[in-house]
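Visitor: Got a structure here, written out as C-alpha cells. Questions coming.
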Amino acid sequence: MHGIEIIDPPQHEPRSGAYVSRISYEHDIPVTAGMEEEESWAVALTPRLAQFAAVARHEHVTRAAQELGVPQSTLSRAMVRLEEDLGVALFARRGRTVALTPAGRTFLRSVERALAEVDRAAESVRADADPAAGRVSFGFLHTLGSETVPGLLRAFRVDHPRIRFQLVQNYGEAMIERMRAGGLDLCLTSPVPDAPDLVARRLDEQRLRLVVPDDHRLAGRRRIRLAEAAAEVFVTLEPGYGLRRITDALCAEAGFTPKIAFEGEEAETIRGLVAAGLGVALLPPPAVPRPGVAELTVTAPRAVREIGVAWLDGHPDTPPVAAFKRFLLSRRGQLLD
C-alpha cells in the first residue's frame, strides 16, 4: 500500500487557459500560477497516482478506498477529476466496478514504474540512515589513503561492523565542493578549512620533510633549515591543493619563493620525481620508505600540516554519520598513530 500525503500549496490565481485540479480529501485546488506546464502536471497528478493504481488493481472503487483508508466518495471524485484533468477516460464504469480502458492500461504501466521508483528511493534513504547498517560518504586526502584511513575504518568497525562506506579520495577543495553539492557527509582534509558554511575540527598535525634525491648535496644531512634550500628547484602539487598552499607559505616564511620545475596531483608521484633527480619537495612521511630519496627534518620554520575533519554546518546527520563523526573526534591527537 502506498501512503498519500496531501500538502496544500499557497493559493494563487489559476493560469489562463490551464486548470489542473489537485485532489485532497476535502476539496480541489487549482494549479499554482506561473508554474511551468511539465511541473504543473507532476505537482497536480502525483498525489493521485497511488489512488489510481489501487483502483486499477482492485477494479472496484469501494475496495480500493478501504485499502487506502479514504472515503469511497472521495476516491470516486478523485478519479473523475484525474480523467477530467488528463482529458482521457481511464476507466469503463459499471457501478462501483471499473475496468481499465486502453488509455488507462497505458497510464497504469507508467504509474506503476513511478511508484516503484518512489518505493526504491524511500527504501534506499531509509537503509542509508539505518543506525546499524547505514552508509557514510567519507572523503579524505590521497596521502591518508594507504594507512591512516584503513586503520581508522578498521577501528571504527569493531563496534559498527555493518556500517557501509562510500570512500572518495581527492584534494581538499574538490572534496569540500563535493560536500557542498551533497556528495559527501564529511571529509579529512588539510589545511583545516575556515568557511562560514562549514564546521571544522582540528584532529592532528603531521610533520613535513624536505625530500631530496639520494645523491643530492644535502642528502647526508638529517636536519635542515628551509632557507638552505632557497636555490633548489622544487617539485610540488598543483595550485589548489592544500599541500601546495602550505609549501608556498613555508617557503615565504623562510624568505624565498620556490622555483617550480614540475607540478603534479599525487604526493607519491612527486616523491618519484624527486628520486629521478628532478627537484626537491616538501612532503609528509611515506607509508613505506622509498628508495632513491633522503628525507630531512625541517627545523625552521616549523614545517607541519594540520589535518582536520569538516562537514556542512546545519545539516542533520544520519545515525551512522553521527557515530563516525563522534569516532573521528575521539581520535583527536591520535589520528596518525
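Simple scheme: letters A, B, ... for chains in C-alpha cells order, numbers from 1 for residues in each chain, numbers from 1 for ligands in the order shown.
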Skip stretch 54-66 of chain A itself and residues of its chain fewer than 5 positions away, then list as an MDAnalysis selection string all residues within 10 Å of it, counting only C-alpha atoms.

Guide: chainID A and resid 1:2 48:49 71:76 79 90:100 104:105 108

Visitor: If you keep N, CA, C and O atoms, can you produce a file of those selected residues as an mmCIF file, in the first residue's frame?

Guide:
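Resulting contents of selection23.cif:
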data_model
loop_
_atom_site.group_PDB
_atom_site.id
_atom_site.type_symbol
_atom_site.label_atom_id
_atom_site.label_comp_id
_atom_site.auth_asym_id
_atom_site.auth_seq_id
_atom_site.Cartn_x
_atom_site.Cartn_y
_atom_site.Cartn_z
ATOM 1 N N MET A 1 0.844 -1.190 0.000
ATOM 2 C CA MET A 1 0.000 0.000 0.000
ATOM 3 C C MET A 1 0.872 1.229 0.000
ATOM 4 O O MET A 1 1.860 1.292 0.715
ATOM 5 N N HIS A 2 0.522 2.222 -0.783
ATOM 6 C CA HIS A 2 1.292 3.442 -0.861
ATOM 7 C C HIS A 2 0.616 4.501 -0.012
ATOM 8 O O HIS A 2 -0.580 4.742 -0.108
ATOM 9 N N ARG A 48 -2.345 11.639 -6.701
ATOM 10 C CA ARG A 48 -3.417 10.731 -7.098
ATOM 11 C C ARG A 48 -2.922 9.442 -7.742
ATOM 12 O O ARG A 48 -3.728 8.572 -8.070
ATOM 13 N N LEU A 49 -1.614 9.321 -7.927
ATOM 14 C CA LEU A 49 -1.114 8.144 -8.629
ATOM 15 C C LEU A 49 -1.377 6.856 -7.848
ATOM 16 O O LEU A 49 -1.777 5.839 -8.416
ATOM 17 N N PRO A 71 -12.556 7.833 2.233
ATOM 18 C CA PRO A 71 -13.968 7.601 1.883
ATOM 19 C C PRO A 71 -14.112 7.228 0.412
ATOM 20 O O PRO A 71 -13.403 7.734 -0.452
ATOM 21 N N GLN A 72 -15.069 6.346 0.150
ATOM 22 C CA GLN A 72 -15.303 5.903 -1.228
ATOM 23 C C GLN A 72 -15.685 7.083 -2.120
ATOM 24 O O GLN A 72 -15.236 7.175 -3.275
ATOM 25 N N SER A 73 -16.461 8.020 -1.596
ATOM 26 C CA SER A 73 -16.891 9.170 -2.399
ATOM 27 C C SER A 73 -15.695 10.051 -2.765
ATOM 28 O O SER A 73 -15.630 10.597 -3.875
ATOM 29 N N THR A 74 -14.756 10.196 -1.823
ATOM 30 C CA THR A 74 -13.554 10.986 -2.109
ATOM 31 C C THR A 74 -12.745 10.356 -3.227
ATOM 32 O O THR A 74 -12.258 11.034 -4.143
ATOM 33 N N LEU A 75 -12.600 9.030 -3.165
ATOM 34 C CA LEU A 75 -11.817 8.341 -4.192
ATOM 35 C C LEU A 75 -12.513 8.419 -5.553
ATOM 36 O O LEU A 75 -11.858 8.606 -6.581
ATOM 37 N N SER A 76 -13.818 8.278 -5.557
ATOM 38 C CA SER A 76 -14.559 8.385 -6.820
ATOM 39 C C SER A 76 -14.358 9.758 -7.447
ATOM 40 O O SER A 76 -14.108 9.886 -8.654
ATOM 41 N N MET A 79 -10.883 10.142 -8.989
ATOM 42 C CA MET A 79 -10.684 9.504 -10.285
ATOM 43 C C MET A 79 -11.388 10.281 -11.403
ATOM 44 O O MET A 79 -10.855 10.385 -12.510
ATOM 45 N N LEU A 90 -10.009 6.885 -18.339
ATOM 46 C CA LEU A 90 -9.115 5.828 -17.859
ATOM 47 C C LEU A 90 -9.872 4.571 -17.473
ATOM 48 O O LEU A 90 -9.286 3.475 -17.477
ATOM 49 N N PHE A 91 -11.159 4.712 -17.131
ATOM 50 C CA PHE A 91 -11.951 3.587 -16.655
ATOM 51 C C PHE A 91 -13.250 3.472 -17.440
ATOM 52 O O PHE A 91 -13.846 4.480 -17.831
ATOM 53 N N ALA A 92 -13.673 2.233 -17.639
ATOM 54 C CA ALA A 92 -15.052 1.947 -18.054
ATOM 55 C C ALA A 92 -15.789 1.519 -16.802
ATOM 56 O O ALA A 92 -15.367 0.582 -16.121
ATOM 57 N N ARG A 93 -16.895 2.203 -16.450
ATOM 58 C CA ARG A 93 -17.536 2.013 -15.164
ATOM 59 C C ARG A 93 -18.809 1.169 -15.290
ATOM 60 O O ARG A 93 -19.601 1.374 -16.199
ATOM 61 N N ARG A 94 -18.946 0.270 -14.326
ATOM 62 C CA ARG A 94 -20.175 -0.496 -14.163
ATOM 63 C C ARG A 94 -20.497 -0.477 -12.671
ATOM 64 O O ARG A 94 -20.037 -1.331 -11.911
ATOM 65 N N GLY A 95 -21.197 0.587 -12.240
ATOM 66 C CA GLY A 95 -21.434 0.768 -10.811
ATOM 67 C C GLY A 95 -20.120 1.131 -10.135
ATOM 68 O O GLY A 95 -19.393 2.013 -10.567
ATOM 69 N N ARG A 96 -19.821 0.416 -9.035
ATOM 70 C CA ARG A 96 -18.541 0.638 -8.376
ATOM 71 C C ARG A 96 -17.443 -0.249 -8.942
ATOM 72 O O ARG A 96 -16.300 -0.181 -8.526
ATOM 73 N N THR A 97 -17.806 -1.127 -9.845
ATOM 74 C CA THR A 97 -16.807 -1.950 -10.530
ATOM 75 C C THR A 97 -16.303 -1.186 -11.738
ATOM 76 O O THR A 97 -17.075 -0.562 -12.467
ATOM 77 N N VAL A 98 -15.009 -1.218 -11.956
ATOM 78 C CA VAL A 98 -14.413 -0.483 -13.067
ATOM 79 C C VAL A 98 -13.454 -1.387 -13.817
ATOM 80 O O VAL A 98 -12.929 -2.374 -13.271
ATOM 81 N N ALA A 99 -13.204 -1.060 -15.071
ATOM 82 C CA ALA A 99 -12.198 -1.751 -15.882
ATOM 83 C C ALA A 99 -11.391 -0.696 -16.611
ATOM 84 O O ALA A 99 -11.916 0.351 -17.003
ATOM 85 N N LEU A 100 -10.132 -0.969 -16.769
ATOM 86 C CA LEU A 100 -9.263 -0.016 -17.438
ATOM 87 C C LEU A 100 -9.558 0.043 -18.929
ATOM 88 O O LEU A 100 -9.773 -0.984 -19.581
ATOM 89 N N GLY A 104 -6.155 3.797 -20.035
ATOM 90 C CA GLY A 104 -5.891 3.524 -18.626
ATOM 91 C C GLY A 104 -4.770 2.522 -18.437
ATOM 92 O O GLY A 104 -3.932 2.660 -17.535
ATOM 93 N N ARG A 105 -4.727 1.482 -19.277
ATOM 94 C CA ARG A 105 -3.651 0.489 -19.165
ATOM 95 C C ARG A 105 -2.298 1.112 -19.479
ATOM 96 O O ARG A 105 -1.307 0.829 -18.807
ATOM 97 N N LEU A 108 -1.369 3.214 -16.511
ATOM 98 C CA LEU A 108 -1.038 2.391 -15.356
ATOM 99 C C LEU A 108 0.405 1.889 -15.421
ATOM 100 O O LEU A 108 1.095 1.855 -14.396
#

Visitor: I need the strand (DSSP E or B) residues of stretch 11-228 of chain A per DSSP on the backbone, written as JSON, numbers by chain.

Guide: {"A": [22, 23, 28, 29, 60, 91, 92, 93, 94, 97, 98, 99, 100, 135, 136, 137, 138, 139, 140, 164, 165, 166, 167, 168, 169, 186, 187, 188, 189, 198, 199, 200, 201, 202, 203, 204, 205, 206, 207, 209, 210, 211, 212, 213, 223, 224, 225]}

Visitor: Go ahead and save the residues from that selection, with C-alpha atoms, as a PDB file, in the first residue's frame.

Guide:
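Final file, selection-v9.pdb:
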ATOM      1  CA  ARG A  22      -5.266  18.650  -7.225  1.00  0.00           C
ATOM      2  CA  ILE A  23      -7.243  16.253  -5.082  1.00  0.00           C
ATOM      3  CA  ASP A  28      -9.967  20.645  -5.200  1.00  0.00           C
ATOM      4  CA  ILE A  29      -7.153  23.149  -5.530  1.00  0.00           C
ATOM      5  CA  HIS A  60     -13.505  -1.760  -7.566  1.00  0.00           C
ATOM      6  CA  PHE A  91     -11.951   3.587 -16.655  1.00  0.00           C
ATOM      7  CA  ALA A  92     -15.052   1.947 -18.054  1.00  0.00           C
ATOM      8  CA  ARG A  93     -17.536   2.013 -15.164  1.00  0.00           C
ATOM      9  CA  ARG A  94     -20.175  -0.496 -14.163  1.00  0.00           C
ATOM     10  CA  THR A  97     -16.807  -1.950 -10.530  1.00  0.00           C
ATOM     11  CA  VAL A  98     -14.413  -0.483 -13.067  1.00  0.00           C
ATOM     12  CA  ALA A  99     -12.198  -1.751 -15.882  1.00  0.00           C
ATOM     13  CA  LEU A 100      -9.263  -0.016 -17.438  1.00  0.00           C
ATOM     14  CA  ARG A 135      26.043   4.385   4.882  1.00  0.00           C
ATOM     15  CA  VAL A 136      28.660   7.103   5.360  1.00  0.00           C
ATOM     16  CA  SER A 137      30.091   9.067   2.419  1.00  0.00           C
ATOM     17  CA  PHE A 138      33.608   9.893   3.559  1.00  0.00           C
ATOM     18  CA  GLY A 139      36.289  11.873   1.741  1.00  0.00           C
ATOM     19  CA  PHE A 140      39.998  12.058   2.513  1.00  0.00           C
ATOM     20  CA  ARG A 164      28.925   0.791   4.889  1.00  0.00           C
ATOM     21  CA  PHE A 165      31.234   3.432   3.452  1.00  0.00           C
ATOM     22  CA  GLN A 166      31.439   5.273   0.171  1.00  0.00           C
ATOM     23  CA  LEU A 167      35.075   6.402   0.053  1.00  0.00           C
ATOM     24  CA  VAL A 168      36.293   9.341  -2.018  1.00  0.00           C
ATOM     25  CA  GLN A 169      39.966  10.335  -2.360  1.00  0.00           C
ATOM     26  CA  LEU A 186      32.301  14.646   5.943  1.00  0.00           C
ATOM     27  CA  CYS A 187      35.962  14.709   4.956  1.00  0.00           C
ATOM     28  CA  LEU A 188      39.500  14.632   6.340  1.00  0.00           C
ATOM     29  CA  THR A 189      41.442  17.484   4.823  1.00  0.00           C
ATOM     30  CA  LEU A 198      31.416  24.581   7.312  1.00  0.00           C
ATOM     31  CA  VAL A 199      32.186  23.161  10.718  1.00  0.00           C
ATOM     32  CA  ALA A 200      35.806  22.032  11.001  1.00  0.00           C
ATOM     33  CA  ARG A 201      37.732  20.466  13.862  1.00  0.00           C
ATOM     34  CA  ARG A 202      41.492  20.059  14.062  1.00  0.00           C
ATOM     35  CA  LEU A 203      42.383  16.432  14.757  1.00  0.00           C
ATOM     36  CA  ASP A 204      46.155  16.149  14.410  1.00  0.00           C
ATOM     37  CA  GLU A 205      49.244  17.517  12.748  1.00  0.00           C
ATOM     38  CA  GLN A 206      51.791  15.867  10.501  1.00  0.00           C
ATOM     39  CA  ARG A 207      55.432  16.873  10.109  1.00  0.00           C
ATOM     40  CA  ARG A 209      60.078  16.754   5.415  1.00  0.00           C
ATOM     41  CA  LEU A 210      62.335  18.151   2.750  1.00  0.00           C
ATOM     42  CA  VAL A 211      62.754  15.267   0.312  1.00  0.00           C
ATOM     43  CA  VAL A 212      65.894  15.323  -1.869  1.00  0.00           C
ATOM     44  CA  PRO A 213      67.489  12.807  -4.282  1.00  0.00           C
ATOM     45  CA  ARG A 223      68.174  18.308   9.660  1.00  0.00           C
ATOM     46  CA  ILE A 224      67.935  21.476   7.629  1.00  0.00           C
ATOM     47  CA  ARG A 225      66.612  24.996   7.774  1.00  0.00           C
TER      48      ARG A 225
END

Visitor: As number ranges by chain, which residues of stretch 94-309 of chain A does DSSP assign to helix (DSSP H, G or I)?

Guide: A: 102-128, 142-144, 148-156, 172-180, 226-229, 242-253, 267-275

Visitor: If I take atom CA of A:Asp197 and atom CA of A:Asp313, how far is one from the other in Å, to one decimal?

Guide: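 Atom-to-atom, atom CA of A:Asp197 and atom CA of A:Asp313 are spaced 5.4 Å apart.
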
Visitor: Give me the residues of stretch 149-194 of chain A that have any atom at most 7 Å from an atom of stretch 117-133 of chain A; for each, the nearest atom pair and the distance in Å, rounded to one decimal. Use only C-alpha atoms, sort by chain and number, and format it as a Markdown table.

Guide:
| residue | atom | partner | partner_atom | distance |
| --- | --- | --- | --- | --- |
| A:His160 | CA | A:Ala132 | CA | 6.7 |
| A:Arg162 | CA | A:Ala133 | CA | 4.7 |
| A:Ile163 | CA | A:Ala133 | CA | 4.3 |
| A:Arg164 | CA | A:Ala133 | CA | 6.5 |

Visitor: What does the file look like for those residues with N, CA and C atoms, as an mmCIF file, in the first residue's frame?

Guide:
data_model
loop_
_atom_site.group_PDB
_atom_site.id
_atom_site.type_symbol
_atom_site.label_atom_id
_atom_site.label_comp_id
_atom_site.auth_asym_id
_atom_site.auth_seq_id
_atom_site.Cartn_x
_atom_site.Cartn_y
_atom_site.Cartn_z
ATOM 1 N N HIS A 160 30.994 -1.140 14.968
ATOM 2 C CA HIS A 160 29.955 -0.885 13.967
ATOM 3 C C HIS A 160 30.245 -1.728 12.729
ATOM 4 N N ARG A 162 28.620 -3.390 10.541
ATOM 5 C CA ARG A 162 27.767 -3.446 9.344
ATOM 6 C C ARG A 162 27.608 -2.107 8.640
ATOM 7 N N ILE A 163 28.128 -1.036 9.212
ATOM 8 C CA ILE A 163 28.024 0.257 8.553
ATOM 9 C C ILE A 163 28.866 0.259 7.289
ATOM 10 N N ARG A 164 28.278 0.782 6.208
ATOM 11 C CA ARG A 164 28.925 0.791 4.889
ATOM 12 C C ARG A 164 29.522 2.163 4.613
#

Visitor: Nearest residue to A:Pro320 out of A:Asp194, A:Glu228, A:Asp337, A:Asp159, using only C-alpha atoms?

Guide: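 Nearest to A:Pro320: A:Asp159.
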
Visitor: So, counting only C-alpha atoms, which residue among A:Ala252, A:Ala103, A:Ala227, A:Leu312 is closest to A:Ala181?

Guide: A:Leu312

Visitor: Which one is closest to A:Arg302: A:Leu208, A:Gly220, A:Thr269, A:Arg244? Count only C-alpha atoms.

Guide: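 Ranked by minimum distance to A:Arg302, first place goes to A:Leu208.
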
Visitor: Between A:Glu67, A:Glu147, A:Leu328, A:Asn170, which has the minimum distance to A:Ala53 (counting only C-alpha atoms)?

Guide: A:Glu67

Visitor: Would you please work out which residue, of A:Leu282, A:Leu329, A:Ala231, A:Leu153, is nearest to A:Leu296 when using only C-alpha atoms?

Guide: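 Checking each of A:Leu282, A:Leu329, A:Ala231, A:Leu153 against A:Leu296, counting only C-alpha atoms, the winner is A:Leu282.
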
Visitor: Report, in Å to a single decimal, how far apart atom CA of A:Leu226 and atom CA of A:Ala281 are.

Guide: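 The value is 10.8 Å.
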